[in-house]
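What's in structure_27.pdb: PDB, C-alpha atoms, pLDDT in the B column
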ATOM      1  CA  MET A  29      -0.537  -6.620  -7.986  1.00 90.00           C
ATOM      2  CA  ILE A  30       2.245  -6.402 -10.526  1.00 95.00           C
ATOM      3  CA  ALA A  31      -0.019  -4.725 -13.106  1.00 94.00           C
ATOM      4  CA  ASP A  32      -0.408  -1.774 -10.731  1.00 95.00           C
ATOM      5  CA  TYR A  33       3.375  -1.364 -10.500  1.00 96.00           C
ATOM      6  CA  ARG A  34       3.714  -1.498 -14.295  1.00 94.00           C
ATOM      7  CA  THR A  35       1.152   1.282 -14.595  1.00 93.00           C
ATOM      8  CA  GLN A  36       2.881   3.389 -11.945  1.00 93.00           C
ATOM      9  CA  LEU A  37       6.306   2.923 -13.544  1.00 94.00           C
ATOM     10  CA  ALA A  38       4.874   3.999 -16.898  1.00 90.00           C
ATOM     11  CA  ALA A  39       3.627   7.204 -15.260  1.00 91.00           C
ATOM     12  CA  PHE A  40       6.969   7.850 -13.549  1.00 93.00           C
ATOM     13  CA  VAL A  41       9.231   7.078 -16.501  1.00 91.00           C
ATOM     14  CA  ARG A  42       7.298   8.228 -19.601  1.00 82.00           C
ATOM     15  CA  ASP A  43       9.827   6.673 -21.943  1.00 68.00           C
ATOM     16  CA  GLU A  44      10.083   9.251 -24.709  1.00 62.00           C
ATOM     17  CA  VAL A  45      12.611   7.199 -26.695  1.00 57.00           C
ATOM     18  CA  ALA A  46      10.689   3.910 -26.314  1.00 72.00           C
ATOM     19  CA  ARG A  47      13.742   1.940 -25.259  1.00 78.00           C
ATOM     20  CA  LEU A  48      12.019  -0.099 -22.567  1.00 86.00           C
ATOM     21  CA  THR A  49      10.209  -3.400 -22.955  1.00 86.00           C
ATOM     22  CA  SER A  50       7.880  -5.170 -20.547  1.00 88.00           C
ATOM     23  CA  GLY A  51      10.776  -7.434 -19.548  1.00 91.00           C
ATOM     24  CA  ASP A  52      12.867  -4.404 -18.600  1.00 91.00           C
ATOM     25  CA  VAL A  53      10.062  -3.089 -16.443  1.00 93.00           C
ATOM     26  CA  ASP A  54       9.405  -6.392 -14.689  1.00 95.00           C
ATOM     27  CA  ARG A  55      13.107  -6.801 -13.898  1.00 95.00           C
ATOM     28  CA  ALA A  56      13.181  -3.319 -12.367  1.00 96.00           C
ATOM     29  CA  ILE A  57      10.113  -4.165 -10.277  1.00 97.00           C
ATOM     30  CA  ALA A  58      11.781  -7.370  -9.082  1.00 96.00           C
ATOM     31  CA  VAL A  59      14.905  -5.456  -7.994  1.00 97.00           C
ATOM     32  CA  ALA A  60      12.752  -2.863  -6.224  1.00 97.00           C
ATOM     33  CA  VAL A  61      10.798  -5.552  -4.361  1.00 97.00           C
ATOM     34  CA  THR A  62      14.041  -7.226  -3.273  1.00 95.00           C
ATOM     35  CA  ARG A  63      15.422  -3.876  -2.084  1.00 96.00           C
ATOM     36  CA  TYR A  64      12.227  -3.214  -0.143  1.00 97.00           C
ATOM     37  CA  GLY A  65      12.534  -6.644   1.474  1.00 95.00           C
ATOM     38  CA  LYS A  66      15.951  -5.679   2.833  1.00 93.00           C
ATOM     39  CA  ASP A  67      14.705  -2.342   4.132  1.00 95.00           C
ATOM     40  CA  ARG A  68      11.389  -3.665   5.475  1.00 95.00           C
ATOM     41  CA  PRO A  69      11.696  -7.446   5.949  1.00 95.00           C
ATOM     42  CA  ARG A  70       8.554  -9.543   5.734  1.00 96.00           C
ATOM     43  CA  VAL A  71       8.220 -11.949   8.657  1.00 96.00           C
ATOM     44  CA  ALA A  72       6.460 -15.253   9.126  1.00 97.00           C
ATOM     45  CA  VAL A  73       5.693 -17.126  12.350  1.00 98.00           C
ATOM     46  CA  GLU A  74       5.573 -20.894  12.556  1.00 98.00           C
ATOM     47  CA  ASP A  75       5.722 -23.471  15.353  1.00 98.00           C
ATOM     48  CA  VAL A  76       8.108 -26.408  14.928  1.00 97.00           C
ATOM     49  CA  VAL A  77       8.746 -29.434  17.108  1.00 97.00           C
ATOM     50  CA  CYS A  78      12.237 -30.173  18.334  1.00 96.00           C
ATOM     51  CA  PRO A  79      13.280 -33.791  17.692  1.00 95.00           C
ATOM     52  CA  GLY A  80      15.521 -33.608  20.743  1.00 95.00           C
ATOM     53  CA  GLY A  81      18.842 -31.885  21.050  1.00 95.00           C
ATOM     54  CA  ALA A  82      20.018 -28.560  19.659  1.00 95.00           C
ATOM     55  CA  THR A  83      18.751 -28.819  16.079  1.00 95.00           C
ATOM     56  CA  LEU A  84      15.340 -27.725  14.800  1.00 96.00           C
ATOM     57  CA  PRO A  85      13.624 -28.609  11.511  1.00 94.00           C
ATOM     58  CA  LEU A  86      13.224 -25.771   9.037  1.00 96.00           C
ATOM     59  CA  PRO A  87       9.696 -24.286   9.020  1.00 97.00           C
ATOM     60  CA  THR A  88       7.641 -25.057   5.925  1.00 96.00           C
ATOM     61  CA  ALA A  89       7.655 -21.402   4.784  1.00 96.00           C
ATOM     62  CA  TRP A  90      11.453 -21.144   5.013  1.00 96.00           C
ATOM     63  CA  ASP A  91      13.179 -19.702   1.956  1.00 95.00           C
ATOM     64  CA  ALA A  92      16.790 -19.700   0.799  1.00 91.00           C
ATOM     65  CA  GLU A  93      16.924 -15.990   1.708  1.00 91.00           C
ATOM     66  CA  SER A  94      15.285 -16.447   5.126  1.00 95.00           C
ATOM     67  CA  ASP A  95      16.911 -15.591   8.429  1.00 95.00           C
ATOM     68  CA  VAL A  96      15.855 -16.136  12.029  1.00 97.00           C
ATOM     69  CA  VAL A  97      14.332 -13.197  13.887  1.00 97.00           C
ATOM     70  CA  SER A  98      13.543 -14.987  17.137  1.00 97.00           C
ATOM     71  CA  ALA A  99      12.842 -18.387  18.695  1.00 97.00           C
ATOM     72  CA  GLU A 100      10.528 -18.815  21.676  1.00 97.00           C
ATOM     73  CA  THR A 101      10.127 -21.757  24.059  1.00 96.00           C
ATOM     74  CA  PRO A 102       8.104 -22.394  26.120  1.00 96.00           C
ATOM     75  CA  ILE A 103       5.495 -20.722  23.933  1.00 97.00           C
ATOM     76  CA  GLY A 104       3.185 -18.087  25.396  1.00 94.00           C
ATOM     77  CA  GLU A 105       5.229 -16.898  28.365  1.00 95.00           C
ATOM     78  CA  ILE A 106       5.009 -13.223  29.413  1.00 95.00           C
ATOM     79  CA  PRO A 107       7.502 -11.814  28.682  1.00 95.00           C
ATOM     80  CA  PRO A 108       8.339 -14.195  25.812  1.00 95.00           C
ATOM     81  CA  ALA A 109      10.907 -16.853  26.695  1.00 96.00           C
ATOM     82  CA  LEU A 110      13.352 -16.267  23.844  1.00 96.00           C
ATOM     83  CA  VAL A 111      16.211 -18.655  23.148  1.00 96.00           C
ATOM     84  CA  ALA A 112      19.210 -18.159  20.895  1.00 96.00           C
ATOM     85  CA  CYS A 113      18.766 -19.742  17.459  1.00 96.00           C
ATOM     86  CA  THR A 114      21.017 -19.399  14.417  1.00 96.00           C
ATOM     87  CA  VAL A 115      21.175 -20.692  10.860  1.00 96.00           C
ATOM     88  CA  TYR A 116      23.965 -23.237  10.481  1.00 94.00           C
ATOM     89  CA  GLN A 117      25.150 -24.240   7.042  1.00 92.00           C
ATOM     90  CA  THR A 118      25.881 -27.903   6.427  1.00 91.00           C
ATOM     91  CA  PRO A 119      27.052 -29.677   3.263  1.00 93.00           C
ATOM     92  CA  THR A 120      23.455 -30.727   2.634  1.00 90.00           C
ATOM     93  CA  GLY A 121      21.876 -27.328   3.352  1.00 90.00           C
ATOM     94  CA  PRO A 122      20.946 -25.042   6.249  1.00 93.00           C
ATOM     95  CA  VAL A 123      19.694 -26.217   9.625  1.00 93.00           C
ATOM     96  CA  LEU A 124      18.539 -24.273  12.666  1.00 97.00           C
ATOM     97  CA  ARG A 125      20.683 -24.666  15.744  1.00 96.00           C
ATOM     98  CA  LEU A 126      19.765 -23.732  19.327  1.00 96.00           C
ATOM     99  CA  ASP A 127      22.392 -22.715  21.845  1.00 92.00           C
ATOM    100  CA  ASP A 128      20.621 -24.919  24.423  1.00 90.00           C
ATOM    101  CA  GLY A 129      19.324 -28.374  23.597  1.00 92.00           C
ATOM    102  CA  GLN A 130      15.638 -29.173  24.105  1.00 95.00           C
ATOM    103  CA  SER A 131      13.751 -32.334  24.910  1.00 95.00           C
ATOM    104  CA  ALA A 132      12.110 -34.290  22.091  1.00 96.00           C
ATOM    105  CA  GLY A 133       8.609 -32.971  21.415  1.00 96.00           C
ATOM    106  CA  THR A 134       9.325 -29.440  22.657  1.00 97.00           C
ATOM    107  CA  ALA A 135       7.439 -26.845  20.619  1.00 97.00           C
ATOM    108  CA  VAL A 136       9.438 -23.822  19.467  1.00 97.00           C
ATOM    109  CA  ARG A 137       7.828 -20.748  17.926  1.00 98.00           C
ATOM    110  CA  LEU A 138      10.010 -19.340  15.177  1.00 98.00           C
ATOM    111  CA  THR A 139       9.783 -15.852  13.722  1.00 98.00           C
ATOM    112  CA  PHE A 140      11.767 -15.550  10.504  1.00 97.00           C
ATOM    113  CA  THR A 141      12.050 -13.473   7.364  1.00 97.00           C
ATOM    114  CA  VAL A 142      10.571 -14.468   3.989  1.00 96.00           C
ATOM    115  CA  PRO A 143      10.718 -12.661   0.639  1.00 96.00           C
ATOM    116  CA  HIS A 144       8.039 -10.183  -0.333  1.00 97.00           C
ATOM    117  CA  GLN A 145       5.848 -11.367  -3.213  1.00 95.00           C
ATOM    118  CA  VAL A 146       4.441  -9.241  -6.030  1.00 97.00           C
ATOM    119  CA  THR A 147       2.653 -11.302  -8.668  1.00 95.00           C
ATOM    120  CA  THR A 148      -0.531 -11.221 -10.711  1.00 94.00           C
ATOM    121  CA  THR A 149      -2.464 -12.514  -7.682  1.00 94.00           C
ATOM    122  CA  GLU A 150      -0.451 -11.499  -4.606  1.00 95.00           C
ATOM    123  CA  ASP A 151       1.110  -8.347  -3.193  1.00 96.00           C
ATOM    124  CA  SER A 152       2.706  -8.550   0.248  1.00 96.00           C
ATOM    125  CA  ILE A 153       3.897  -4.925   0.272  1.00 97.00           C
ATOM    126  CA  PRO A 154       1.759  -2.654   2.469  1.00 96.00           C
ATOM    127  CA  VAL A 155      -0.465  -0.282   0.513  1.00 96.00           C
ATOM    128  CA  SER A 156       1.270   2.731   2.061  1.00 96.00           C
ATOM    129  CA  HIS A 157       4.624   1.706   0.557  1.00 97.00           C
ATOM    130  CA  ARG A 158       3.627   0.499  -2.909  1.00 97.00           C
ATOM    131  CA  GLU A 159       4.121   3.856  -4.606  1.00 97.00           C
ATOM    132  CA  ALA A 160       7.594   4.087  -3.015  1.00 97.00           C
ATOM    133  CA  VAL A 161       8.550   0.671  -4.384  1.00 97.00           C
ATOM    134  CA  ALA A 162       7.350   1.724  -7.824  1.00 97.00           C
ATOM    135  CA  ALA A 163       9.443   4.892  -7.478  1.00 97.00           C
ATOM    136  CA  TYR A 164      12.542   2.804  -6.758  1.00 97.00           C
ATOM    137  CA  GLY A 165      11.944   0.652  -9.830  1.00 97.00           C
ATOM    138  CA  ALA A 166      11.355   3.738 -11.981  1.00 96.00           C
ATOM    139  CA  ALA A 167      14.613   5.266 -10.691  1.00 95.00           C
ATOM    140  CA  LEU A 168      16.503   2.227 -11.961  1.00 95.00           C
ATOM    141  CA  LEU A 169      14.917   2.539 -15.394  1.00 94.00           C
ATOM    142  CA  LEU A 170      15.659   6.250 -15.576  1.00 93.00           C
ATOM    143  CA  ASP A 171      19.288   5.573 -14.709  1.00 91.00           C
ATOM    144  CA  GLU A 172      19.447   3.152 -17.628  1.00 89.00           C
ATOM    145  CA  LEU A 173      17.939   5.765 -19.936  1.00 89.00           C
ATOM    146  CA  ALA A 174      20.489   8.297 -18.699  1.00 88.00           C
ATOM    147  CA  ALA A 175      23.367   5.942 -19.433  1.00 86.00           C
ATOM    148  CA  ALA A 176      21.934   5.139 -22.867  1.00 82.00           C
ATOM    149  CA  ALA A 177      21.577   8.847 -23.712  1.00 78.00           C
ATOM    150  CA  ILE A 178      25.231   9.420 -22.801  1.00 74.00           C
ATOM    151  CA  ASN A 179      26.275   6.507 -25.003  1.00 67.00           C
ATOM    152  CA  ASP A 180      24.243   7.939 -27.874  1.00 60.00           C
ATOM    153  CA  ALA A 181      25.825  11.336 -27.403  1.00 49.00           C
ATOM    154  CA  ASP A 182      29.297   9.814 -27.603  1.00 49.00           C
ATOM    155  CA  ALA A 183      28.370   8.137 -30.878  1.00 49.00           C
ATOM    156  CA  THR A 184      26.753  11.127 -32.610  1.00 50.00           C
ATOM    157  CA  LEU A 185      27.930  14.318 -34.268  1.00 53.00           C
ATOM    158  CA  ALA A 186      28.992  17.164 -31.992  1.00 55.00           C
ATOM    159  CA  ALA A 187      25.929  19.196 -32.941  1.00 51.00           C
ATOM    160  CA  ASP A 188      23.690  16.557 -31.373  1.00 57.00           C
ATOM    161  CA  THR A 189      25.853  15.812 -28.343  1.00 57.00           C
ATOM    162  CA  THR A 190      24.698  18.711 -26.152  1.00 56.00           C
ATOM    163  CA  ASP A 191      21.032  17.815 -26.528  1.00 60.00           C
ATOM    164  CA  ARG A 192      21.619  14.178 -25.673  1.00 58.00           C
ATOM    165  CA  ARG A 193      23.760  14.994 -22.658  1.00 67.00           C
ATOM    166  CA  SER A 194      21.025  17.379 -21.504  1.00 82.00           C
ATOM    167  CA  LYS A 195      18.528  14.529 -21.801  1.00 82.00           C
ATOM    168  CA  ALA A 196      20.854  12.258 -19.829  1.00 85.00           C
ATOM    169  CA  ALA A 197      21.075  14.860 -17.070  1.00 88.00           C
ATOM    170  CA  GLU A 198      17.287  15.141 -17.012  1.00 89.00           C
ATOM    171  CA  TYR A 199      16.896  11.360 -16.642  1.00 89.00           C
ATOM    172  CA  ALA A 200      19.517  11.271 -13.874  1.00 91.00           C
ATOM    173  CA  ALA A 201      17.825  14.108 -11.969  1.00 93.00           C
ATOM    174  CA  ARG A 202      14.447  12.364 -12.176  1.00 93.00           C
ATOM    175  CA  SER A 203      16.076   9.147 -10.958  1.00 94.00           C
ATOM    176  CA  ARG A 204      17.559  10.897  -7.921  1.00 94.00           C
ATOM    177  CA  ALA A 205      14.218  12.508  -7.103  1.00 95.00           C
ATOM    178  CA  LEU A 206      12.421   9.149  -7.217  1.00 96.00           C
ATOM    179  CA  MET A 207      15.090   7.432  -5.126  1.00 95.00           C
ATOM    180  CA  ALA A 208      14.725  10.207  -2.550  1.00 95.00           C
ATOM    181  CA  ARG A 209      10.967   9.635  -2.652  1.00 95.00           C
ATOM    182  CA  TYR A 210      11.578   5.980  -1.776  1.00 97.00           C
ATOM    183  CA  THR A 211      13.917   6.698   1.137  1.00 96.00           C
ATOM    184  CA  GLN A 212      11.647   9.420   2.526  1.00 95.00           C
ATOM    185  CA  ALA A 213       8.541   7.231   2.329  1.00 95.00           C
ATOM    186  CA  LEU A 214      10.322   4.506   4.312  1.00 95.00           C
ATOM    187  CA  GLY A 215      11.981   6.927   6.723  1.00 93.00           C
ATOM    188  CA  LEU A 216      15.470   5.813   5.740  1.00 90.00           C
ATOM    189  CA  GLY A 217      18.476   7.991   6.465  1.00 76.00           C
ATOM    190  CA  GLY A 218      20.774   9.258   3.700  1.00 57.00           C
ATOM    191  CA  GLY A 219      20.279   7.422   0.452  1.00 45.00           C
ATOM    192  CA  SER A 220      21.079   9.221  -2.730  1.00 43.00           C
ATOM    193  CA  GLY A 221      19.627   8.062  -6.009  1.00 41.00           C
ATOM    194  CA  ALA A 222      20.818   5.246  -8.207  1.00 41.00           C
ATOM    195  CA  GLY A 223      23.964   6.054 -10.135  1.00 37.00           C
ATOM    196  CA  ALA A 224      24.067   6.653 -13.860  1.00 35.00           C
ATOM    197  CA  SER A 225      25.795   3.313 -14.345  1.00 35.00           C
ATOM    198  CA  GLY A 226      22.548   1.553 -13.450  1.00 39.00           C
ATOM    199  CA  GLN A 227      23.701   0.634  -9.943  1.00 41.00           C
ATOM    200  CA  GLY A 228      21.020   1.525  -7.438  1.00 42.00           C
ATOM    201  CA  ALA A 229      21.112   1.850  -3.672  1.00 41.00           C
ATOM    202  CA  SER A 230      20.781  -1.917  -3.431  1.00 40.00           C
ATOM    203  CA  GLY A 231      24.080  -2.416  -5.219  1.00 40.00           C
ATOM    204  CA  ALA A 232      22.285  -4.374  -7.921  1.00 42.00           C
ATOM    205  CA  THR A 233      23.195  -3.580 -11.498  1.00 40.00           C
ATOM    206  CA  VAL A 234      20.367  -3.508 -14.003  1.00 46.00           C
ATOM    207  CA  SER A 235      21.486  -3.145 -17.594  1.00 44.00           C
ATOM    208  CA  TRP A 236      19.471  -3.610 -20.772  1.00 45.00           C
ATOM    209  CA  GLY A 237      21.800  -2.215 -23.414  1.00 43.00           C
ATOM    210  CA  ARG A 238      20.978  -0.378 -26.617  1.00 43.00           C
ATOM    211  CA  ARG A 239      17.666  -0.931 -28.392  1.00 42.00           C
ATOM    212  CA  PRO A 240      15.879   0.443 -31.440  1.00 39.00           C
ATOM    213  CA  ARG A 241      13.751   3.502 -30.758  1.00 38.00           C
ATOM    214  CA  VAL A 242      10.598   2.283 -32.403  1.00 32.00           C
ATOM    215  CA  ARG A 243       9.276  -0.041 -29.726  1.00 40.00           C
ATOM    216  CA  PRO A 244       6.200   0.992 -27.752  1.00 40.00           C
ATOM    217  CA  LEU A 245       6.526   1.530 -24.036  1.00 44.00           C
ATOM    218  CA  PHE A 246       5.938  -1.609 -21.914  1.00 48.00           C
ATOM    219  CA  ARG A 247       4.910  -3.698 -24.905  1.00 48.00           C
ATOM    220  CA  ASN A 248       3.438  -7.157 -24.598  1.00 47.00           C
ATOM    221  CA  ALA A 249       2.907  -6.951 -20.851  1.00 46.00           C
ATOM    222  CA  PRO A 250       0.723  -9.866 -19.721  1.00 46.00           C
TER     223      PRO A 250
END
Kindly return the structure encoded in the file as structure tokens.
Amino acid sequence: MIADYRTQLAAFVRDEVARLTSGDVDRAIAVAVTRYGKDRPRVAVEDVVCPGGATLPLPTAWDAESDVVSAETPIGEIPPALVACTVYQTPTGPVLRLDDGQSAGTAVRLTFTVPHQVTTTEDSIPVSHREAVAAYGAALLLDELAAAAINDADATLAADTTDRRSKAAEYAARSRALMARYTQALGLGGGSGAGASGQGASGATVSWGRRPRVRPLFRNAP
């Protein structure tokens, strides 16, 4: 559940300067869950009935981010009788199109991707990968802290600059270590950490700007 990820991020980040709010943390978790969904797609299986021809109705669990993994008809053959099926965009929205038309009433088994869900009541990420997802989210937050420390150093007296740049380097190193933890846990090749600009391996930019340093870590989390 999302409360578990908040707790894990707090342990990973340990925000000494208290820049982060609960909203910052939840946004980082959301980006991490989206990234995980691209690296380890969640799939759903649903049977639909062809109205006749080459077009299929969208399954009820279909999402705007969904894509087709496979389509099978007739259902239950060994090996599976797979048919080509693609998402076709129309002015009124997406439809599913078969390369070969089917008779009206033909059942087609669709396997397709759906977004992972992490809420107060649901968590679709496998237990073995939850710590890795939390590590990815924490890496994004640490990158933001690194960028903020650099900005502070640029705005302070020279005597304070070295210390702040050292802190920025520490945040960046911790971010890289956590990003590596994510890629290793998922068995992904390459994959350096998120950059100090706040742009992670997903290409998503997470930026929260400058905040007072008197706020408690993860305040007002539901």
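Counting all atoms listed in the file, the residue from A:Ala56, A:Glu172, A:Thr83, A:Ala208 that sits nearest to Ala196 of chain A is A:Glu172.
Candidate residues A:Ala92, A:Ala112, A:Val77, A:Ala177 were compared for distance to Thr134 of chain A, and the nearest is A:Val77, using only C-alpha atoms.
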Nearby residues (all atoms listed in the file) at most 8 Å from Ile103 of chain A, same-chain spacing under 4 positions excluded, as a ChimeraX atom specification: /A:108-109,135-137
Shell around Gln36 of chain A at 10 Å using only C-alpha atoms, local window under 2 positions removed, as an MDAnalysis selection string: chainID A and resid 30:34 38:41 158:159 161:163 165:166
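In this comparison, which uses only C-alpha atoms, the residue of A:Ala201, A:Cys113, A:Leu126, A:Leu169 approaching Arg42 of chain A most closely is A:Leu169.
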